[in-house]
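J.: Contents of work.pdb (PDB, C-alpha atoms, pLDDT in the B column) are below:
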MODEL        1
ATOM      1  CA  MET X   1     -57.420  10.723  13.956  1.00 83.00           C
ATOM      2  CA  THR X   2     -54.676  10.970  11.323  1.00 90.00           C
ATOM      3  CA  ARG X   3     -54.837   7.216  10.685  1.00 91.00           C
ATOM      4  CA  ILE X   4     -58.609   7.352  10.291  1.00 92.00           C
ATOM      5  CA  ALA X   5     -58.485  10.352   7.957  1.00 93.00           C
ATOM      6  CA  SER X   6     -55.722   8.746   5.914  1.00 93.00           C
ATOM      7  CA  GLY X   7     -57.702   5.544   5.440  1.00 92.00           C
ATOM      8  CA  LEU X   8     -60.845   7.464   4.542  1.00 93.00           C
ATOM      9  CA  GLU X   9     -58.923   9.573   2.042  1.00 92.00           C
ATOM     10  CA  ARG X  10     -57.554   6.449   0.330  1.00 91.00           C
ATOM     11  CA  ALA X  11     -60.982   4.833   0.192  1.00 91.00           C
ATOM     12  CA  PHE X  12     -62.673   7.889  -1.335  1.00 91.00           C
ATOM     13  CA  ALA X  13     -59.811   8.464  -3.788  1.00 89.00           C
ATOM     14  CA  GLU X  14     -59.944   4.850  -4.984  1.00 89.00           C
ATOM     15  CA  HIS X  15     -63.707   4.257  -4.985  1.00 88.00           C
ATOM     16  CA  GLY X  16     -65.360   7.658  -5.186  1.00 87.00           C
ATOM     17  CA  PHE X  17     -67.778   9.118  -2.679  1.00 88.00           C
ATOM     18  CA  ALA X  18     -70.912   7.064  -3.365  1.00 85.00           C
ATOM     19  CA  ALA X  19     -69.567   3.530  -3.677  1.00 85.00           C
ATOM     20  CA  PRO X  20     -67.820   2.732  -0.368  1.00 88.00           C
ATOM     21  CA  SER X  21     -70.113   1.361   2.297  1.00 90.00           C
ATOM     22  CA  VAL X  22     -69.607   2.391   5.919  1.00 89.00           C
ATOM     23  CA  GLY X  23     -68.157  -1.085   6.485  1.00 90.00           C
ATOM     24  CA  HIS X  24     -65.647  -0.508   3.713  1.00 92.00           C
ATOM     25  CA  LEU X  25     -64.764   2.899   5.180  1.00 90.00           C
ATOM     26  CA  ARG X  26     -64.350   1.349   8.630  1.00 89.00           C
ATOM     27  CA  ASP X  27     -61.988  -1.255   7.193  1.00 91.00           C
ATOM     28  CA  ALA X  28     -60.055   1.386   5.252  1.00 92.00           C
ATOM     29  CA  ALA X  29     -59.658   3.439   8.430  1.00 92.00           C
ATOM     30  CA  GLY X  30     -58.491   0.366  10.332  1.00 93.00           C
ATOM     31  CA  VAL X  31     -60.700   0.977  13.338  1.00 94.00           C
ATOM     32  CA  SER X  32     -63.903  -0.337  14.842  1.00 91.00           C
ATOM     33  CA  LEU X  33     -67.220   1.114  13.737  1.00 89.00           C
ATOM     34  CA  ARG X  34     -67.604   2.650  17.188  1.00 94.00           C
ATOM     35  CA  THR X  35     -64.239   4.422  16.910  1.00 92.00           C
ATOM     36  CA  LEU X  36     -64.961   5.563  13.370  1.00 91.00           C
ATOM     37  CA  TYR X  37     -68.250   7.147  14.471  1.00 91.00           C
ATOM     38  CA  LYS X  38     -66.612   8.631  17.580  1.00 92.00           C
ATOM     39  CA  TYR X  39     -64.280  10.714  15.419  1.00 94.00           C
ATOM     40  CA  THR X  40     -66.468  11.080  12.321  1.00 94.00           C
ATOM     41  CA  PRO X  41     -70.107  10.806  13.438  1.00 94.00           C
ATOM     42  CA  SER X  42     -71.592  10.847   9.928  1.00 92.00           C
ATOM     43  CA  ARG X  43     -70.660   9.979   6.373  1.00 91.00           C
ATOM     44  CA  GLU X  44     -70.379  13.706   5.640  1.00 92.00           C
ATOM     45  CA  GLU X  45     -67.891  14.101   8.496  1.00 94.00           C
ATOM     46  CA  MET X  46     -65.908  11.192   7.031  1.00 93.00           C
ATOM     47  CA  VAL X  47     -65.677  13.038   3.713  1.00 93.00           C
ATOM     48  CA  TYR X  48     -64.651  16.290   5.423  1.00 95.00           C
ATOM     49  CA  ALA X  49     -61.959  14.525   7.466  1.00 95.00           C
ATOM     50  CA  ALA X  50     -60.601  12.831   4.343  1.00 95.00           C
ATOM     51  CA  LEU X  51     -60.461  16.096   2.393  1.00 95.00           C
ATOM     52  CA  GLU X  52     -58.879  18.053   5.242  1.00 96.00           C
ATOM     53  CA  HIS X  53     -56.218  15.350   5.514  1.00 96.00           C
ATOM     54  CA  ARG X  54     -55.667  15.385   1.755  1.00 95.00           C
ATOM     55  CA  ASN X  55     -55.345  19.172   1.763  1.00 96.00           C
ATOM     56  CA  ARG X  56     -52.548  19.058   4.348  1.00 96.00           C
ATOM     57  CA  ARG X  57     -50.707  16.294   2.477  1.00 95.00           C
ATOM     58  CA  TYR X  58     -51.046  17.963  -0.916  1.00 96.00           C
ATOM     59  CA  LEU X  59     -49.872  21.377   0.246  1.00 97.00           C
ATOM     60  CA  GLU X  60     -46.872  19.878   2.017  1.00 97.00           C
ATOM     61  CA  LYS X  61     -45.910  17.645  -0.909  1.00 97.00           C
ATOM     62  CA  VAL X  62     -46.339  20.264  -3.617  1.00 97.00           C
ATOM     63  CA  PHE X  63     -45.227  23.431  -1.793  1.00 97.00           C
ATOM     64  CA  GLY X  64     -42.905  22.222   0.976  1.00 97.00           C
ATOM     65  CA  ASN X  65     -39.181  23.043   0.744  1.00 96.00           C
ATOM     66  CA  LEU X  66     -39.289  24.674  -2.674  1.00 97.00           C
ATOM     67  CA  PRO X  67     -36.134  26.119  -4.265  1.00 97.00           C
ATOM     68  CA  ALA X  68     -35.560  29.812  -3.556  1.00 96.00           C
ATOM     69  CA  ASP X  69     -35.244  30.728  -7.238  1.00 96.00           C
ATOM     70  CA  PRO X  70     -38.740  31.619  -8.581  1.00 96.00           C
ATOM     71  CA  GLY X  71     -38.307  29.817 -11.919  1.00 94.00           C
ATOM     72  CA  SER X  72     -36.956  26.686 -10.266  1.00 96.00           C
ATOM     73  CA  ALA X  73     -39.725  26.849  -7.659  1.00 97.00           C
ATOM     74  CA  LEU X  74     -42.427  27.028 -10.320  1.00 97.00           C
ATOM     75  CA  ASP X  75     -40.917  24.118 -12.269  1.00 97.00           C
ATOM     76  CA  ALA X  76     -40.727  22.131  -9.030  1.00 98.00           C
ATOM     77  CA  ILE X  77     -44.397  22.860  -8.288  1.00 98.00           C
ATOM     78  CA  PHE X  78     -45.445  21.534 -11.700  1.00 97.00           C
ATOM     79  CA  ASP X  79     -43.189  18.473 -11.358  1.00 97.00           C
ATOM     80  CA  ARG X  80     -44.662  17.775  -7.922  1.00 97.00           C
ATOM     81  CA  VAL X  81     -48.231  18.132  -9.166  1.00 96.00           C
ATOM     82  CA  GLY X  82     -47.361  15.593 -11.873  1.00 95.00           C
ATOM     83  CA  ASP X  83     -45.825  13.277  -9.252  1.00 95.00           C
ATOM     84  CA  TRP X  84     -48.954  13.682  -7.121  1.00 94.00           C
ATOM     85  CA  MET X  85     -51.175  12.770 -10.045  1.00 92.00           C
ATOM     86  CA  ARG X  86     -49.039   9.742 -10.877  1.00 91.00           C
ATOM     87  CA  SER X  87     -48.838   8.432  -7.322  1.00 90.00           C
ATOM     88  CA  GLU X  88     -52.030   9.636  -5.632  1.00 86.00           C
ATOM     89  CA  THR X  89     -54.753   9.782  -8.241  1.00 75.00           C
ATOM     90  CA  THR X  90     -55.360   9.425 -11.921  1.00 64.00           C
ATOM     91  CA  ARG X  91     -58.881  10.854 -11.944  1.00 73.00           C
ATOM     92  CA  GLY X  92     -58.364  14.552 -11.341  1.00 79.00           C
ATOM     93  CA  CYS X  93     -59.003  16.599  -8.219  1.00 86.00           C
ATOM     94  CA  LEU X  94     -60.673  14.860  -5.278  1.00 90.00           C
ATOM     95  CA  PHE X  95     -62.053  18.194  -4.042  1.00 92.00           C
ATOM     96  CA  HIS X  96     -63.852  18.806  -7.334  1.00 91.00           C
ATOM     97  CA  ALA X  97     -65.141  15.226  -7.272  1.00 90.00           C
ATOM     98  CA  ALA X  98     -66.502  15.725  -3.759  1.00 92.00           C
ATOM     99  CA  VAL X  99     -68.362  18.888  -4.737  1.00 93.00           C
ATOM    100  CA  ALA X 100     -69.675  17.194  -7.873  1.00 91.00           C
ATOM    101  CA  SER X 101     -71.062  14.386  -5.679  1.00 90.00           C
ATOM    102  CA  ALA X 102     -72.848  16.837  -3.348  1.00 91.00           C
ATOM    103  CA  PRO X 103     -73.037  20.296  -4.958  1.00 92.00           C
ATOM    104  CA  GLN X 104     -75.497  21.572  -2.355  1.00 94.00           C
ATOM    105  CA  ASP X 105     -73.040  20.919   0.513  1.00 94.00           C
ATOM    106  CA  ASP X 106     -71.718  24.365   1.441  1.00 95.00           C
ATOM    107  CA  ARG X 107     -68.957  22.938   3.611  1.00 95.00           C
ATOM    108  CA  LEU X 108     -67.593  20.931   0.667  1.00 94.00           C
ATOM    109  CA  VAL X 109     -67.699  24.033  -1.511  1.00 96.00           C
ATOM    110  CA  ASP X 110     -65.854  25.946   1.229  1.00 96.00           C
ATOM    111  CA  LEU X 111     -63.211  23.189   1.481  1.00 95.00           C
ATOM    112  CA  LEU X 112     -62.705  23.314  -2.298  1.00 95.00           C
ATOM    113  CA  GLN X 113     -62.413  27.111  -2.312  1.00 96.00           C
ATOM    114  CA  SER X 114     -60.073  27.140   0.664  1.00 96.00           C
ATOM    115  CA  HIS X 115     -57.838  24.467  -0.878  1.00 96.00           C
ATOM    116  CA  LYS X 116     -57.607  26.261  -4.224  1.00 96.00           C
ATOM    117  CA  THR X 117     -57.086  29.681  -2.605  1.00 96.00           C
ATOM    118  CA  GLU X 118     -54.224  28.394  -0.456  1.00 97.00           C
ATOM    119  CA  MET X 119     -52.687  26.569  -3.426  1.00 96.00           C
ATOM    120  CA  ALA X 120     -52.756  29.809  -5.463  1.00 96.00           C
ATOM    121  CA  ARG X 121     -51.331  31.841  -2.595  1.00 97.00           C
ATOM    122  CA  LEU X 122     -48.416  29.451  -2.120  1.00 98.00           C
ATOM    123  CA  ALA X 123     -47.724  29.228  -5.862  1.00 97.00           C
ATOM    124  CA  THR X 124     -47.691  32.997  -6.382  1.00 97.00           C
ATOM    125  CA  ARG X 125     -45.435  33.472  -3.381  1.00 97.00           C
ATOM    126  CA  ALA X 126     -42.960  30.803  -4.537  1.00 97.00           C
ATOM    127  CA  ALA X 127     -42.946  32.095  -8.131  1.00 96.00           C
ATOM    128  CA  ARG X 128     -42.869  35.730  -6.972  1.00 96.00           C
ATOM    129  CA  LEU X 129     -45.874  36.551  -9.104  1.00 96.00           C
ATOM    130  CA  PRO X 130     -48.158  38.569  -6.817  1.00 95.00           C
ATOM    131  CA  GLY X 131     -51.557  39.237  -8.308  1.00 96.00           C
ATOM    132  CA  ARG X 132     -51.297  36.235 -10.647  1.00 96.00           C
ATOM    133  CA  GLU X 133     -53.272  33.789  -8.534  1.00 96.00           C
ATOM    134  CA  ALA X 134     -55.909  33.239 -11.230  1.00 96.00           C
ATOM    135  CA  GLU X 135     -53.335  32.493 -13.909  1.00 96.00           C
ATOM    136  CA  LEU X 136     -51.362  30.068 -11.743  1.00 97.00           C
ATOM    137  CA  THR X 137     -54.556  28.374 -10.590  1.00 96.00           C
ATOM    138  CA  LEU X 138     -55.583  27.952 -14.212  1.00 96.00           C
ATOM    139  CA  ILE X 139     -52.232  26.359 -15.088  1.00 97.00           C
ATOM    140  CA  ILE X 140     -52.199  24.028 -12.063  1.00 96.00           C
ATOM    141  CA  GLU X 141     -55.858  23.065 -12.512  1.00 94.00           C
ATOM    142  CA  GLY X 142     -55.252  22.496 -16.207  1.00 94.00           C
ATOM    143  CA  LEU X 143     -52.322  20.246 -15.349  1.00 95.00           C
ATOM    144  CA  THR X 144     -54.440  18.300 -12.864  1.00 93.00           C
ATOM    145  CA  GLN X 145     -57.248  17.794 -15.355  1.00 91.00           C
ATOM    146  CA  THR X 146     -55.065  16.962 -18.369  1.00 92.00           C
ATOM    147  CA  TRP X 147     -52.719  14.608 -16.527  1.00 90.00           C
ATOM    148  CA  PRO X 148     -54.922  11.538 -17.174  1.00 89.00           C
ATOM    149  CA  LEU X 149     -54.743  12.231 -20.930  1.00 91.00           C
ATOM    150  CA  HIS X 150     -51.239  13.599 -21.389  1.00 94.00           C
ATOM    151  CA  GLY X 151     -49.126  12.645 -18.355  1.00 91.00           C
ATOM    152  CA  LYS X 152     -45.614  14.096 -18.470  1.00 94.00           C
ATOM    153  CA  THR X 153     -46.430  16.142 -21.559  1.00 96.00           C
ATOM    154  CA  ALA X 154     -48.953  18.061 -19.451  1.00 96.00           C
ATOM    155  CA  VAL X 155     -46.203  18.841 -16.914  1.00 97.00           C
ATOM    156  CA  GLU X 156     -43.898  20.141 -19.628  1.00 97.00           C
ATOM    157  CA  SER X 157     -46.701  22.271 -21.074  1.00 97.00           C
ATOM    158  CA  ALA X 158     -47.440  23.719 -17.620  1.00 97.00           C
ATOM    159  CA  LYS X 159     -43.747  24.617 -17.255  1.00 97.00           C
ATOM    160  CA  LYS X 160     -43.790  26.416 -20.615  1.00 96.00           C
ATOM    161  CA  LEU X 161     -46.879  28.390 -19.612  1.00 96.00           C
ATOM    162  CA  GLY X 162     -45.307  29.203 -16.245  1.00 95.00           C
ATOM    163  CA  ARG X 163     -42.164  30.538 -17.913  1.00 94.00           C
ATOM    164  CA  MET X 164     -44.305  32.657 -20.243  1.00 94.00           C
ATOM    165  CA  LEU X 165     -46.181  34.043 -17.236  1.00 93.00           C
ATOM    166  CA  GLN X 166     -42.943  34.855 -15.440  1.00 92.00           C
ATOM    167  CA  GLY X 167     -41.596  36.541 -18.569  1.00 88.00           C
ATOM    168  CA  SER X 168     -44.652  38.783 -18.757  1.00 76.00           C
ATOM    169  CA  ALA X 169     -44.517  39.827 -15.100  1.00 59.00           C
TER     170      ALA X 169
ENDMDL
END
Using structure tokens, write down the structure from this file.
T.:
Amino acid sequence: MTRIASGLERAFAEHGFAAPSVGHLRDAAGVSLRTLYKYTPSREEMVYAALEHRNRRYLEKVFGNLPADPGSALDAIFDRVGDWMRSETTRGCLFHAAVASAPQDDRLVDLLQSHKTEMARLATRAARLPGREAELTLIIEGLTQTWPLHGKTAVESAKKLGRMLQGSA
């Protein structure tokens, strides 16, 4: 299932949610159509599987093995978000894109909320800023959305804002 979800994630990240045909998704997953439908019986299930896979990868890449020092941890988080944007996507958050493509889909909205809530929880824990989930989410989301325009400058700006937030705690 991991291979299927990984291929689906790549296809949706590269081509969006409307463009890829089921044949394209089958090819991206590297399985037969029968196998694809066995594990993801609808296009919606394909999207969910891709996003769940992406969530696990993102959280591990951005929040795994962070430095113990809160300031260093926060800088590392912002650097890793920048690395993620450079290597994984240049178009912003795939979760937001999924919800934008189907705003009436409650499960997509729940996946987005769950992803952002967990991201905020891990960031506040690493930075030792309890109760500052909204502020850290705003900085990380701002970094994600401004990366396509400003690249590394956006990372440096996020670090400055993070230091200001830690100084005010």
J.: Please identify all polymer residues within 8 Å of range 2-13 of chain X, counting only C-alpha atoms, omitting same-chain residues fewer than 3 positions from it, and present them as a ChimeraX atom specification.
T.: /X:16-17,20,24-25,28-31,36,46-47,49-51,53-54,89,94
J.: Rank X:Lys61, X:Arg26, X:Arg80, X:Arg107 by their smallest atom-to-atom distance to Ile140 in chain X, using only C-alpha atoms, and report the top residue only.
T.: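 Result for the nearest residue to Ile140 in chain X: X:Arg80.
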J.: If you count only C-alpha atoms, which residues fall within 7 Å of Val62 in chain X, apart from same-chain ones fewer than 3 positions away, as a list in words?
T.: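 The neighbour list is Tyr58, Leu59, Ile77, Arg80 and Val81 of chain X.
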J.: For the file shown, what are the residues hit by the PyMOL selection byres ((chain X and resi 156) around 12), laid out as number ranges by chain?
T.: X: 74-82, 139-140, 143, 146-147, 150-155, 157-163
J.: CA of Ala68 in chain X to CA of Met164 in chain X: how many Å, to one decimal?
T.: 19.1 Å
J.: Quick check, in Å to one decimal: how far apart do CA of Leu122 in chain X and CA of Asp83 in chain X lie?
T.: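 Going from CA of Leu122 in chain X over to CA of Asp83 in chain X, I get 17.9 Å.
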J.: Under the rule that all atoms listed in the file are counted, which of X:Leu129, X:Leu149, X:Val22, X:Met1 is the nearest residue to Tyr39 in chain X?
T.: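 Of the candidates, the smallest distance to Tyr39 in chain X is held by X:Met1.
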J.: For Arg121 in chain X, which of X:Gln145, X:Tyr37, X:Ala98, X:Phe63 is the closest residue, counting all atoms listed in the file?
T.: X:Phe63
J.: Compile the contact shell of Leu111 in chain X as a list of chain:residue names: residues with an atom at most 10 Å away, counting all atoms listed in the file, same-chain residues fewer than 6 positions apart removed.
T.: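 So the residues in contact are X:Tyr48, X:Leu51, X:Glu52, X:Asn55, X:Phe95, X:His96, X:Ala98, X:Val99, X:Thr117.
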J.: Using all atoms listed in the file, determine which residues lie at most 12 Å from Arg125 in chain X, disregarding the query and same-chain residues fewer than 4 positions distant; provide the list as a list in words.
T.: Phe63, Leu66, Pro67, Ala68, Asp69, Pro70, Gly71, Ala73, Leu74, Ile77, Glu118, Met119, Ala120, Arg121, Leu129, Pro130, Gly131, Arg132, Glu133 and Leu136 of chain X
J.: CA of Gly64 in chain X to CA of Glu44 in chain X: how many Å, to one decimal?
T.: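 That distance, rounded to one decimal, is 29.1 Å.
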